[in-house]
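Engineer: Just so it is clear, I am handing over query.txt, which has compact mmCIF, C-alpha atoms.
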# COMPACT_ATOMS: atom_id res chain seq x y z
CA MET A 1 24.31 -5.35 27.31
CA TYR A 2 21.18 -6.62 25.56
CA ILE A 3 21.36 -7.18 21.78
CA VAL A 4 18.40 -8.04 19.55
CA VAL A 5 19.11 -9.54 16.12
CA VAL A 6 16.36 -9.64 13.48
CA GLY A 7 16.65 -12.29 10.76
CA GLY A 8 17.98 -15.81 11.26
CA GLY A 9 19.64 -16.34 7.90
CA LYS A 10 23.35 -17.13 7.64
CA VAL A 11 24.42 -13.65 8.79
CA GLY A 12 21.96 -13.54 11.70
CA TYR A 13 22.83 -17.07 12.76
CA TYR A 14 26.60 -16.60 12.86
CA LEU A 15 26.25 -13.19 14.46
CA THR A 16 24.01 -14.57 17.22
CA LYS A 17 26.31 -17.53 17.73
CA THR A 18 29.34 -15.26 18.12
CA LEU A 19 27.56 -12.87 20.46
CA VAL A 20 26.27 -15.72 22.65
CA THR A 21 29.79 -17.18 22.86
CA GLU A 22 31.14 -13.78 23.86
CA GLY A 23 28.70 -13.71 26.76
CA TYR A 24 26.20 -11.10 25.62
CA GLU A 25 22.49 -11.30 26.33
CA VAL A 26 21.11 -11.93 22.85
CA LEU A 27 17.70 -12.52 21.30
CA LEU A 28 17.30 -13.62 17.69
CA ILE A 29 13.94 -12.95 15.98
CA GLU A 30 13.09 -15.23 13.04
CA LYS A 31 9.90 -15.63 10.99
CA ASP A 32 10.42 -19.19 9.79
CA ALA A 33 9.27 -21.78 12.33
CA ALA A 34 11.61 -24.51 11.05
CA LYS A 35 14.65 -22.25 11.46
CA VAL A 36 13.46 -21.18 14.92
CA GLN A 37 13.40 -24.84 15.96
CA THR A 38 16.86 -25.61 14.57
CA TRP A 39 18.46 -22.51 16.10
CA SER A 40 16.70 -23.12 19.45
CA GLU A 41 18.16 -26.62 19.60
CA ARG A 42 21.63 -25.17 19.05
CA PHE A 43 21.51 -21.98 21.16
CA GLY A 44 18.82 -22.66 23.74
CA ALA A 45 16.09 -20.17 24.51
CA VAL A 46 17.46 -17.13 22.70
CA VAL A 47 15.29 -17.42 19.58
CA LEU A 48 11.89 -15.77 19.26
CA HIS A 49 9.47 -16.85 16.55
CA GLY A 50 7.90 -13.84 14.84
CA ASP A 51 8.13 -11.10 12.21
CA GLY A 52 10.63 -8.54 13.43
CA CYS A 53 8.94 -5.86 11.34
CA GLU A 54 5.87 -6.03 13.58
CA VAL A 55 5.63 -3.65 16.49
CA ALA A 56 4.03 -6.29 18.74
CA VAL A 57 6.88 -8.76 18.11
CA LEU A 58 9.53 -6.14 18.86
CA GLU A 59 7.64 -5.27 22.07
CA LYS A 60 7.55 -8.91 23.08
CA ALA A 61 11.29 -9.10 22.42
CA GLY A 62 11.83 -6.24 24.84
CA VAL A 63 13.45 -4.03 22.20
CA ALA A 64 12.62 -0.97 24.34
CA ARG A 65 15.35 -2.01 26.79
CA ALA A 66 17.80 -3.23 24.13
CA ASP A 67 21.16 -1.49 23.82
CA VAL A 68 21.68 -2.64 20.25
CA LEU A 69 19.26 -3.71 17.49
CA ILE A 70 20.69 -5.33 14.37
CA ALA A 71 18.61 -5.97 11.21
CA THR A 72 20.28 -8.73 9.18
CA THR A 73 17.61 -10.05 6.79
CA GLY A 74 18.30 -10.51 3.09
CA HIS A 75 15.70 -7.87 2.20
CA ASP A 76 16.65 -4.21 2.40
CA GLU A 77 13.05 -3.03 2.76
CA ASP A 78 12.64 -5.25 5.83
CA ASN A 79 15.92 -4.07 7.36
CA LEU A 80 14.87 -0.46 6.76
CA VAL A 81 11.57 -0.94 8.60
CA VAL A 82 13.22 -2.78 11.53
CA ALA A 83 15.84 -0.03 11.85
CA GLN A 84 13.30 2.79 11.64
CA LEU A 85 10.99 1.18 14.21
CA GLY A 86 13.97 0.62 16.52
CA GLN A 87 15.22 4.18 16.20
CA ASN A 88 11.98 6.11 16.20
CA LEU A 89 9.51 4.03 18.19
CA PHE A 90 11.70 2.12 20.66
CA LYS A 91 14.54 4.67 20.91
CA VAL A 92 17.22 1.96 20.81
CA PRO A 93 20.59 3.69 21.37
CA LYS A 94 22.37 1.84 18.56
CA VAL A 95 20.61 0.45 15.50
CA ILE A 96 22.55 -1.27 12.71
CA ALA A 97 21.05 -2.30 9.36
CA ARG A 98 22.55 -4.72 6.87
CA ILE A 99 22.42 -3.52 3.27
CA ASN A 100 22.16 -6.10 0.51
CA ASN A 101 22.05 -3.83 -2.53
CA PRO A 102 24.97 -1.36 -2.34
CA LYS A 103 22.79 1.25 -4.09
CA ASN A 104 20.76 1.47 -0.90
CA GLU A 105 23.61 2.66 1.29
CA ASP A 106 22.92 6.28 0.38
CA ILE A 107 19.12 5.81 0.54
CA PHE A 108 19.32 4.41 4.09
CA ARG A 109 21.43 7.35 5.18
CA ARG A 110 18.96 9.80 3.67
CA LEU A 111 16.08 8.00 5.36
CA GLY A 112 17.78 8.47 8.70
CA VAL A 113 19.32 5.05 9.45
CA MET A 114 22.48 5.84 11.38
CA PHE A 115 24.62 2.72 11.02
CA THR A 116 24.70 0.41 8.03
CA VAL A 117 26.84 -2.51 6.95
CA SER A 118 27.01 -3.23 3.24
CA GLN A 119 28.63 -6.61 2.80
CA THR A 120 28.77 -6.29 -0.98
CA ASN A 121 30.79 -3.09 -0.66
CA ILE A 122 33.05 -4.64 1.98
CA ILE A 123 33.78 -7.62 -0.28
CA LEU A 124 34.29 -5.37 -3.32
CA ASN A 125 36.72 -3.17 -1.41
CA ARG A 126 38.68 -6.19 -0.22
CA ILE A 127 38.88 -7.56 -3.75
CA GLU A 128 40.05 -4.22 -5.09
CA GLU A 129 42.75 -4.12 -2.44
CA GLU A 130 43.91 -7.61 -3.32
CA ILE A 131 43.86 -7.01 -7.06
CA PRO A 132 45.00 -3.41 -7.67
CA HIS A 133 44.38 -3.52 -11.40
CA ARG A 134 43.67 -6.04 -14.08
CA PRO A 135 45.97 -5.37 -17.03
CA LEU A 136 43.96 -7.29 -19.62
CA ILE A 137 40.22 -7.04 -19.83
CA HIS A 138 38.33 -9.50 -21.96
CA LEU A 139 35.73 -7.42 -23.82
CA SER A 140 34.00 -9.93 -26.01
CA THR A 141 34.32 -13.35 -27.55
CA LEU A 142 33.38 -13.75 -31.17
CA ARG A 143 31.55 -17.03 -31.34
CA HIS A 144 32.31 -19.49 -34.15
CA ALA A 145 35.56 -17.70 -34.87
CA ASP A 146 37.49 -18.51 -31.67
CA LEU A 147 38.43 -14.84 -31.52
CA ALA A 148 38.46 -12.50 -28.57
CA ILE A 149 38.45 -8.72 -28.34
CA VAL A 150 40.54 -7.53 -25.41
CA GLU A 151 41.49 -4.24 -23.83
CA VAL A 152 44.90 -3.56 -22.29
CA ASP A 153 46.07 -0.49 -20.40
CA ILE A 154 49.72 0.34 -20.98
CA GLU A 155 51.42 1.45 -17.79
CA ASP A 156 54.76 3.22 -17.23
CA ASP A 157 56.66 -0.01 -16.73
CA ALA A 158 55.23 -1.90 -19.72
CA PRO A 159 57.96 -3.29 -22.02
CA VAL A 160 56.32 -1.85 -25.15
CA VAL A 161 56.43 1.82 -24.07
CA GLY A 162 58.28 3.71 -26.83
CA GLN A 163 58.27 0.72 -29.17
CA GLU A 164 56.78 0.71 -32.65
CA ILE A 165 53.87 -1.68 -33.15
CA ARG A 166 55.72 -3.56 -35.90
CA ALA A 167 58.59 -4.24 -33.49
CA VAL A 168 56.42 -5.89 -30.85
CA ARG A 169 56.42 -9.69 -30.88
CA PHE A 170 52.70 -10.38 -30.82
CA PRO A 171 51.25 -13.90 -30.81
CA PRO A 172 50.06 -15.08 -34.24
CA ASP A 173 46.71 -13.85 -35.58
CA THR A 174 46.70 -10.71 -33.47
CA ILE A 175 45.53 -7.34 -34.75
CA VAL A 176 45.87 -4.10 -32.84
CA ALA A 177 42.53 -2.55 -33.71
CA ALA A 178 42.72 0.75 -31.91
CA VAL A 179 44.80 2.81 -29.52
CA VAL A 180 43.02 5.28 -27.30
CA ARG A 181 45.36 8.05 -26.19
CA GLU A 182 44.13 10.92 -24.01
CA ASN A 183 40.56 10.18 -25.01
CA THR A 184 41.27 10.35 -28.73
CA LEU A 185 41.46 7.49 -31.15
CA VAL A 186 44.81 6.78 -32.77
CA MET A 187 44.52 4.51 -35.79
CA PRO A 188 47.39 2.08 -35.24
CA ARG A 189 50.00 1.71 -37.98
CA GLY A 190 53.23 -0.22 -38.04
CA GLU A 191 55.20 2.85 -37.03
CA THR A 192 52.85 3.92 -34.21
CA ARG A 193 54.75 3.94 -30.93
CA PHE A 194 53.07 2.82 -27.72
CA ALA A 195 53.05 5.35 -24.91
CA SER A 196 52.35 5.07 -21.21
CA GLY A 197 48.65 5.61 -20.54
CA ASP A 198 47.57 4.13 -23.89
CA ARG A 199 44.53 1.91 -23.93
CA VAL A 200 44.97 -0.76 -26.55
CA ILE A 201 42.09 -2.67 -28.08
CA ALA A 202 43.15 -5.81 -29.91
CA LEU A 203 41.76 -8.84 -31.66
CA THR A 204 43.38 -12.17 -30.96
CA ARG A 205 42.75 -15.89 -30.73
CA ARG A 206 41.21 -16.87 -27.43
CA ALA A 207 44.07 -19.23 -26.72
CA HIS A 208 46.57 -16.37 -27.16
CA GLU A 209 45.09 -13.91 -24.68
CA GLU A 210 47.76 -14.61 -22.07
CA LYS A 211 50.61 -14.33 -24.58
CA LEU A 212 49.23 -11.04 -25.82
CA ARG A 213 49.11 -9.69 -22.30
CA ASP A 214 52.70 -10.79 -21.72
CA ALA A 215 53.81 -9.10 -24.95
CA LEU A 216 52.21 -5.79 -24.03
CA VAL A 217 52.55 -5.45 -20.27
CA GLY A 218 55.15 -8.09 -19.40
CA ASP A 219 54.60 -11.20 -17.35
CA ALA A 220 55.13 -9.41 -14.05
CA ALA A 221 51.45 -8.64 -13.86
CA PRO A 222 50.25 -8.36 -10.25
CA MET B 1 6.56 -6.15 -22.25
CA GLN B 2 6.56 -3.19 -24.57
CA GLU B 3 6.46 0.23 -23.04
CA ILE B 4 3.66 2.47 -24.19
CA ARG B 5 4.84 6.01 -24.84
CA PRO B 6 2.98 8.75 -23.03
CA ARG B 7 0.73 10.77 -25.29
CA ASN B 8 2.13 14.12 -26.45
CA ASN B 9 5.35 13.35 -24.51
CA ARG B 10 3.80 14.95 -21.49
CA GLN B 11 5.40 14.53 -18.10
CA THR B 12 4.20 11.77 -15.79
CA ASP B 13 1.63 13.08 -13.30
CA VAL B 14 1.11 9.94 -11.27
CA VAL B 15 3.43 7.00 -10.55
CA ILE B 16 1.70 3.88 -9.23
CA LEU B 17 3.82 1.11 -7.73
CA GLY B 18 2.21 -2.32 -8.02
CA CYS B 19 -0.09 -3.48 -10.81
CA GLY B 20 -2.23 -5.86 -8.79
CA ARG B 21 -5.99 -5.58 -8.53
CA VAL B 22 -5.88 -2.26 -6.69
CA GLY B 23 -2.97 -0.78 -8.65
CA SER B 24 -4.35 -1.64 -12.07
CA ARG B 25 -7.82 -0.39 -11.16
CA LEU B 26 -6.45 2.85 -9.75
CA ALA B 27 -4.23 3.34 -12.82
CA THR B 28 -7.20 2.83 -15.11
CA MET B 29 -9.33 5.29 -13.14
CA MET B 30 -6.65 7.98 -13.11
CA ASP B 31 -5.91 7.44 -16.80
CA GLY B 32 -9.64 7.93 -17.43
CA ASP B 33 -9.49 11.17 -15.43
CA GLY B 34 -6.92 12.45 -17.92
CA PHE B 35 -3.77 12.08 -15.80
CA ASP B 36 -0.55 10.83 -17.30
CA VAL B 37 0.02 7.58 -15.41
CA THR B 38 3.05 5.29 -15.11
CA VAL B 39 2.70 1.88 -13.45
CA ILE B 40 5.65 -0.09 -12.04
CA ASP B 41 5.64 -3.82 -11.32
CA THR B 42 8.31 -6.52 -10.94
CA ASP B 43 6.18 -8.94 -12.96
CA SER B 44 5.39 -8.09 -16.58
CA TYR B 45 2.44 -10.50 -16.46
CA ALA B 46 0.76 -8.14 -13.95
CA PHE B 47 0.30 -5.53 -16.71
CA ARG B 48 -2.30 -7.80 -18.34
CA ARG B 49 -4.73 -6.34 -15.80
CA LEU B 50 -4.59 -2.96 -17.57
CA PRO B 51 -7.24 -2.49 -20.24
CA GLU B 52 -6.21 -2.13 -23.88
CA THR B 53 -7.43 1.44 -23.75
CA PHE B 54 -4.84 2.35 -21.08
CA ARG B 55 -2.73 5.21 -22.41
CA GLY B 56 -0.12 5.38 -19.67
CA ARG B 57 3.29 3.72 -19.43
CA THR B 58 4.40 0.50 -17.79
CA ILE B 59 7.85 0.04 -16.24
CA LEU B 60 9.26 -3.33 -15.25
CA GLY B 61 11.28 -3.22 -12.04
CA THR B 62 11.29 -2.86 -8.28
CA GLY B 63 10.02 0.31 -6.63
CA ILE B 64 12.81 0.37 -4.06
CA ASP B 65 15.38 1.20 -6.73
CA GLU B 66 16.08 4.89 -7.40
CA ASP B 67 16.93 4.23 -11.04
CA VAL B 68 13.66 2.39 -11.69
CA LEU B 69 11.72 5.24 -10.10
CA ARG B 70 13.63 7.71 -12.27
CA ARG B 71 12.78 5.71 -15.39
CA ALA B 72 9.15 5.83 -14.32
CA GLY B 73 9.35 9.63 -14.42
CA ILE B 74 9.13 10.24 -10.68
CA GLU B 75 11.15 13.43 -11.07
CA GLY B 76 8.43 15.97 -11.66
CA ALA B 77 5.52 13.67 -10.79
CA ARG B 78 2.87 15.16 -8.55
CA THR B 79 1.67 11.94 -6.94
CA PHE B 80 3.24 8.63 -5.95
CA ILE B 81 1.11 5.74 -4.74
CA ALA B 82 2.62 2.47 -3.44
CA VAL B 83 0.17 -0.43 -3.57
CA THR B 84 2.24 -3.63 -3.88
CA ASN B 85 1.07 -6.57 -1.79
CA ASP B 86 3.90 -6.09 0.67
CA ASP B 87 4.01 -3.45 3.39
CA ASN B 88 7.75 -2.91 3.59
CA PRO B 89 8.45 -2.27 -0.11
CA ASN B 90 5.52 0.18 -0.07
CA ILE B 91 6.96 1.94 2.97
CA MET B 92 10.48 2.09 1.54
CA ALA B 93 9.43 3.22 -1.94
CA ALA B 94 7.11 5.87 -0.52
CA GLN B 95 9.88 7.24 1.68
CA ILE B 96 12.26 7.39 -1.29
CA ALA B 97 9.58 9.26 -3.27
CA GLN B 98 9.01 11.68 -0.41
CA THR B 99 12.54 12.24 0.88
CA VAL B 100 14.79 11.74 -2.15
CA PHE B 101 12.52 12.89 -5.00
CA ARG B 102 10.36 15.34 -3.01
CA VAL B 103 7.12 14.22 -4.65
CA PRO B 104 4.40 16.54 -3.26
CA GLU B 105 1.79 13.83 -2.67
CA VAL B 106 2.84 10.36 -1.51
CA LEU B 107 0.54 7.56 -0.34
CA ALA B 108 1.33 4.02 0.78
CA ARG B 109 -0.87 1.04 1.45
CA VAL B 110 0.14 -0.67 4.70
CA TYR B 111 -1.85 -3.71 5.80
CA ASP B 112 -0.32 -3.95 9.29
CA VAL B 113 -2.35 -1.61 11.52
CA GLU B 114 0.43 -0.79 13.98
CA ARG B 115 3.00 -0.21 11.26
CA ALA B 116 0.55 2.07 9.41
CA ASN B 117 0.09 4.11 12.60
CA VAL B 118 3.80 4.39 13.33
CA TYR B 119 4.64 5.58 9.82
CA ALA B 120 1.69 7.99 9.82
CA GLN B 121 3.22 9.51 12.97
CA LEU B 122 6.56 9.70 11.16
CA GLY B 123 4.95 11.79 8.44
CA LEU B 124 4.01 9.25 5.78
CA LYS B 125 0.44 9.19 4.49
CA THR B 126 -0.69 5.59 4.90
CA ILE B 127 -3.92 3.86 4.05
CA CYS B 128 -4.58 0.72 6.06
CA PRO B 129 -7.10 -1.59 4.36
CA THR B 130 -7.18 -3.88 7.39
CA ALA B 131 -8.48 -1.18 9.71
CA THR B 132 -10.80 0.31 7.10
CA ILE B 133 -12.40 -2.97 6.07
CA ALA B 134 -12.77 -4.25 9.64
CA GLN B 135 -14.50 -1.02 10.50
CA LEU B 136 -16.86 -1.29 7.51
CA PHE B 137 -17.85 -4.83 8.47
CA HIS B 138 -18.20 -3.81 12.08
CA GLU B 139 -20.54 -0.96 11.19
CA GLN B 140 -22.62 -3.20 8.94
CA VAL B 141 -23.04 -5.80 11.66
CA THR B 142 -23.55 -3.54 14.66
CA GLN B 143 -26.15 -1.43 12.90
CA ARG B 144 -28.48 -4.41 12.56
CA PRO B 145 -31.49 -4.14 14.90
CA HIS B 146 -30.85 -7.37 16.84
CA ALA B 147 -27.11 -6.85 17.25
CA PRO B 148 -25.87 -6.88 20.86
CA GLY B 149 -25.89 -3.35 22.22
CA ALA B 150 -28.29 -2.11 19.54
CA SER B 151 -31.76 -1.08 20.70
CA SER B 152 -34.15 -3.70 19.36
CA GLY B 153 -37.21 -2.36 21.13
CA SER B 154 -38.19 -5.73 22.62
Re-express the file's structure as structure tokens.
Structural biologist:
Amino acid sequence: MYIVVVGGGKVGYYLTKTLVTEGYEVLLIEKDAAKVQTWSERFGAVVLHGDGCEVAVLEKAGVARADVLIATTGHDEDNLVVAQLGQNLFKVPKVIARINNPKNEDIFRRLGVMFTVSQTNIILNRIEEEIPHRPLIHLSTLRHADLAIVEVDIEDDAPVVGQEIRAVRFPPDTIVAAVVRENTLVMPRGETRFASGDRVIALTRRAHEEKLRDALVGDAAP
Amino acid sequence: MQEIRPRNNRQTDVVILGCGRVGSRLATMMDGDGFDVTVIDTDSYAFRRLPETFRGRTILGTGIDEDVLRRAGIEGARTFIAVTNDDNPNIMAAQIAQTVFRVPEVLARVYDVERANVYAQLGLKTICPTATIAQLFHEQVTQRPHAPGASSGS
């Protein structure tokens, strides 16, 4: 199995290193002469100096007989060109392009690139899995006044569900400014009762943000 | 950089990506022809190349971003021309214009001769200054009477 990697940045370097260790026949194409020298000293003769977007360089790299071509540069336009040349000109069976700007995932698909890897989306998805929801969102800090505007979503299990606002033990200097319920604004009064699904917008001191969150959603926040 | 509103709120006819020497000159020419022109560049300083009489719009941003192209009025434009100094952004932006926005006339400048040929075969209209200029010089030189291969009559 012959694998050609274009772009010797961090991704290309670690990918090549792993593939070499696993025993694959690998060639890394890199534009920058200094990087080529460093990588050559570490890997031996598996690094080719050249611009992987040039047809002549890809020919020299023997891309026509490659089983896999991977474009890993930090520039989406370069990865697109490498992938398209690999697919259309050299008929490489499997071409994979790294996507830096997640917006381009759909564009690449529409421009015919079959396999893409969007690291931003992968990281985002992992973070979302780890942190299912953030109960308190800091909206804005009012400079000079040490005040913060925050947004809190009230869930089923929040301790304030069914309670009147005046009964909730808020930290000092806290004002409930608005309650958004089923997309309509409820002007909060002392006797307004919190309900599950409410979005609460409040003003508080910056130092009291945590206490406010605890008062509204409990301290069992995930 | 302030954005100049198009006259009479007409739709953009031509979107030009890249306000370098070629892009700014082309934009000025097409504006003079009466087209409604929008120029995109990542560097607001590049727009200084447009004359004060330029009536089109300028958009700050990269041409390989759908949203920037939309802001430039690519939806409904008749022509898209990519003339940044870099081949790959030109190629990518031109393909987005052609495939995603279905602009009827799309042109891209590609300096690399081979790359220009490959993309021409893939259905993109490319203009390759390298090939064109080399050919012009070649013609100039080989047409001289004492050039090798030319009949000098001696």
Engineer: Could you jot down the CA of Arg189 (chain A) to CA of Ala167 (chain A) separation for me, Å, one decimal place?
Structural biologist: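 Taking CA of Arg189 (chain A) and CA of Ala167 (chain A), their separation equals 11.4 Å.
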Engineer: Given only C-alpha atoms, how would the per-residue table for chain B near chain A read, listing every residue at most 12 Å away with its closest atom pair and distance in Å to one decimal, sorted by chain and number, as JSON lines?
Structural biologist:
{"residue": "B:Thr62", "atom": "CA", "partner": "A:Glu77", "partner_atom": "CA", "distance": 11.2}
{"residue": "B:Gly63", "atom": "CA", "partner": "A:Glu77", "partner_atom": "CA", "distance": 10.4}
{"residue": "B:Ile64", "atom": "CA", "partner": "A:Glu77", "partner_atom": "CA", "distance": 7.6}
{"residue": "B:Asp65", "atom": "CA", "partner": "A:Lys103", "partner_atom": "CA", "distance": 7.9}
{"residue": "B:Glu66", "atom": "CA", "partner": "A:Lys103", "partner_atom": "CA", "distance": 8.3}
{"residue": "B:Asp67", "atom": "CA", "partner": "A:Lys103", "partner_atom": "CA", "distance": 9.6}
{"residue": "B:Val68", "atom": "CA", "partner": "A:Lys103", "partner_atom": "CA", "distance": 11.9}
{"residue": "B:Asp86", "atom": "CA", "partner": "A:Glu77", "partner_atom": "CA", "distance": 9.9}
{"residue": "B:Asp87", "atom": "CA", "partner": "A:Glu77", "partner_atom": "CA", "distance": 9.1}
{"residue": "B:Asn88", "atom": "CA", "partner": "A:Glu77", "partner_atom": "CA", "distance": 5.4}
{"residue": "B:Pro89", "atom": "CA", "partner": "A:Glu77", "partner_atom": "CA", "distance": 5.5}
{"residue": "B:Asn90", "atom": "CA", "partner": "A:Glu77", "partner_atom": "CA", "distance": 8.7}
{"residue": "B:Ile91", "atom": "CA", "partner": "A:Val81", "partner_atom": "CA", "distance": 7.8}
{"residue": "B:Met92", "atom": "CA", "partner": "A:Glu77", "partner_atom": "CA", "distance": 5.9}
{"residue": "B:Ala93", "atom": "CA", "partner": "A:Glu77", "partner_atom": "CA", "distance": 8.6}
{"residue": "B:Ala94", "atom": "CA", "partner": "A:Leu111", "partner_atom": "CA", "distance": 10.9}
{"residue": "B:Gln95", "atom": "CA", "partner": "A:Leu111", "partner_atom": "CA", "distance": 7.2}
{"residue": "B:Ile96", "atom": "CA", "partner": "A:Ile107", "partner_atom": "CA", "distance": 7.3}
{"residue": "B:Ala97", "atom": "CA", "partner": "A:Ile107", "partner_atom": "CA", "distance": 10.8}
{"residue": "B:Gln98", "atom": "CA", "partner": "A:Leu111", "partner_atom": "CA", "distance": 9.8}
{"residue": "B:Thr99", "atom": "CA", "partner": "A:Leu111", "partner_atom": "CA", "distance": 7.1}
{"residue": "B:Val100", "atom": "CA", "partner": "A:Arg110", "partner_atom": "CA", "distance": 7.4}
{"residue": "B:Phe101", "atom": "CA", "partner": "A:Ile107", "partner_atom": "CA", "distance": 11.2}
{"residue": "B:Val110", "atom": "CA", "partner": "A:Glu54", "partner_atom": "CA", "distance": 11.8}
{"residue": "B:Tyr111", "atom": "CA", "partner": "A:Glu54", "partner_atom": "CA", "distance": 11.2}
{"residue": "B:Asp112", "atom": "CA", "partner": "A:Glu54", "partner_atom": "CA", "distance": 7.8}
{"residue": "B:Val113", "atom": "CA", "partner": "A:Glu54", "partner_atom": "CA", "distance": 9.6}
{"residue": "B:Glu114", "atom": "CA", "partner": "A:Val55", "partner_atom": "CA", "distance": 6.4}
{"residue": "B:Arg115", "atom": "CA", "partner": "A:Val55", "partner_atom": "CA", "distance": 6.8}
{"residue": "B:Ala116", "atom": "CA", "partner": "A:Val55", "partner_atom": "CA", "distance": 10.4}
{"residue": "B:Asn117", "atom": "CA", "partner": "A:Val55", "partner_atom": "CA", "distance": 10.3}
{"residue": "B:Val118", "atom": "CA", "partner": "A:Leu89", "partner_atom": "CA", "distance": 7.5}
{"residue": "B:Tyr119", "atom": "CA", "partner": "A:Leu85", "partner_atom": "CA", "distance": 8.9}
{"residue": "B:Gln121", "atom": "CA", "partner": "A:Leu89", "partner_atom": "CA", "distance": 9.8}
{"residue": "B:Leu122", "atom": "CA", "partner": "A:Asn88", "partner_atom": "CA", "distance": 8.2}
{"residue": "B:Gly123", "atom": "CA", "partner": "A:Asn88", "partner_atom": "CA", "distance": 11.9}
Engineer: Go through A:Ala71, A:Val186, A:Ile127, A:Val161 and flag the residue nearest Asn100 (chain A), using all atoms listed in the file for the distances.
Structural biologist: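 Among A:Ala71, A:Val186, A:Ile127, A:Val161, it is A:Ala71 that comes nearest to Asn100 (chain A).
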Engineer: List the neighbours of region 28-32 of chain B out to 10 Å using all atoms listed in the file; skip same-chain residues closer than 2 positions along the sequence, and give me the result as a short mmCIF file (atom, residue, chain, number, x, y, z; two decimals) with C-alpha atoms, in the coordinates of the input.
Structural biologist:
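Output below, filename part_25.cif:
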data_model
loop_
_atom_site.label_atom_id
_atom_site.label_comp_id
_atom_site.auth_asym_id
_atom_site.auth_seq_id
_atom_site.Cartn_x
_atom_site.Cartn_y
_atom_site.Cartn_z
CA ASP B 13 1.63 13.08 -13.30
CA VAL B 14 1.11 9.94 -11.27
CA VAL B 22 -5.88 -2.26 -6.69
CA GLY B 23 -2.97 -0.78 -8.65
CA SER B 24 -4.35 -1.64 -12.07
CA ARG B 25 -7.82 -0.39 -11.16
CA LEU B 26 -6.45 2.85 -9.75
CA GLY B 34 -6.92 12.45 -17.92
CA PHE B 35 -3.77 12.08 -15.80
CA ASP B 36 -0.55 10.83 -17.30
CA VAL B 37 0.02 7.58 -15.41
CA THR B 38 3.05 5.29 -15.11
CA ARG B 49 -4.73 -6.34 -15.80
CA LEU B 50 -4.59 -2.96 -17.57
CA PRO B 51 -7.24 -2.49 -20.24
CA THR B 53 -7.43 1.44 -23.75
CA PHE B 54 -4.84 2.35 -21.08
CA ARG B 55 -2.73 5.21 -22.41
CA GLY B 56 -0.12 5.38 -19.67
#
Engineer: Quick one: pull the distance between CA of Gln163 (chain A) and CA of Ala177 (chain A), Å, one decimal.
Structural biologist: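 Those two atoms sit 16.7 Å apart.
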Engineer: Report, in Å with one decimal, the straight-line distance from CA of Thr58 (chain B) to CA of Asp41 (chain B).
Structural biologist: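 Value for the CA of Thr58 (chain B)-CA of Asp41 (chain B) distance: 7.9 Å.
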Engineer: May I have the centre and edge lengths, in Å to one decimal, of an axis-aligned box around the listed atoms of region 50-64 of chain B with 8 Å added to every side, as AutoDock Vina command-line options?
Structural biologist:
--center_x 2.7 --center_y 1.0 --center_z -14.0 --size_x 36.2 --size_y 24.7 --size_z 35.8
Engineer: Using all atoms listed in the file, can you tell me which of B:Ala108, B:Val15, B:Cys128, B:Ile59 comes closest to Ile74 (chain B)?
Structural biologist: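 Ranking B:Ala108, B:Val15, B:Cys128, B:Ile59 by distance to Ile74 (chain B), first place goes to B:Val15.
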Engineer: Counting all atoms listed in the file, I want the residues whose atoms come within 7 Å of (15.1, -2.6, 18.7) in the file frame, returned as a list in words.
Structural biologist: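 Result, sorted by chain then residue number: Val4, Leu58, Val63, Ala64, Ala66, Val68, Leu69, Gly86, Phe90 and Val92 of chain A.
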Engineer: Could you check the closest approach to Ala97 (chain A) for each of A:Val6, A:Val176, A:Leu212, A:Ala158 and tell me which residue wins, using all atoms listed in the file?
Structural biologist: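 Looking only at the distances to Ala97 (chain A), the closest residue turns out to be A:Val6.
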Engineer: Pick the closest to Leu107 (chain B) from B:Arg70, B:Gln143, B:Ile16, B:Thr132: which is it, counting all atoms listed in the file?
Structural biologist: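 Among the listed residues, B:Ile16 lies closest to Leu107 (chain B).
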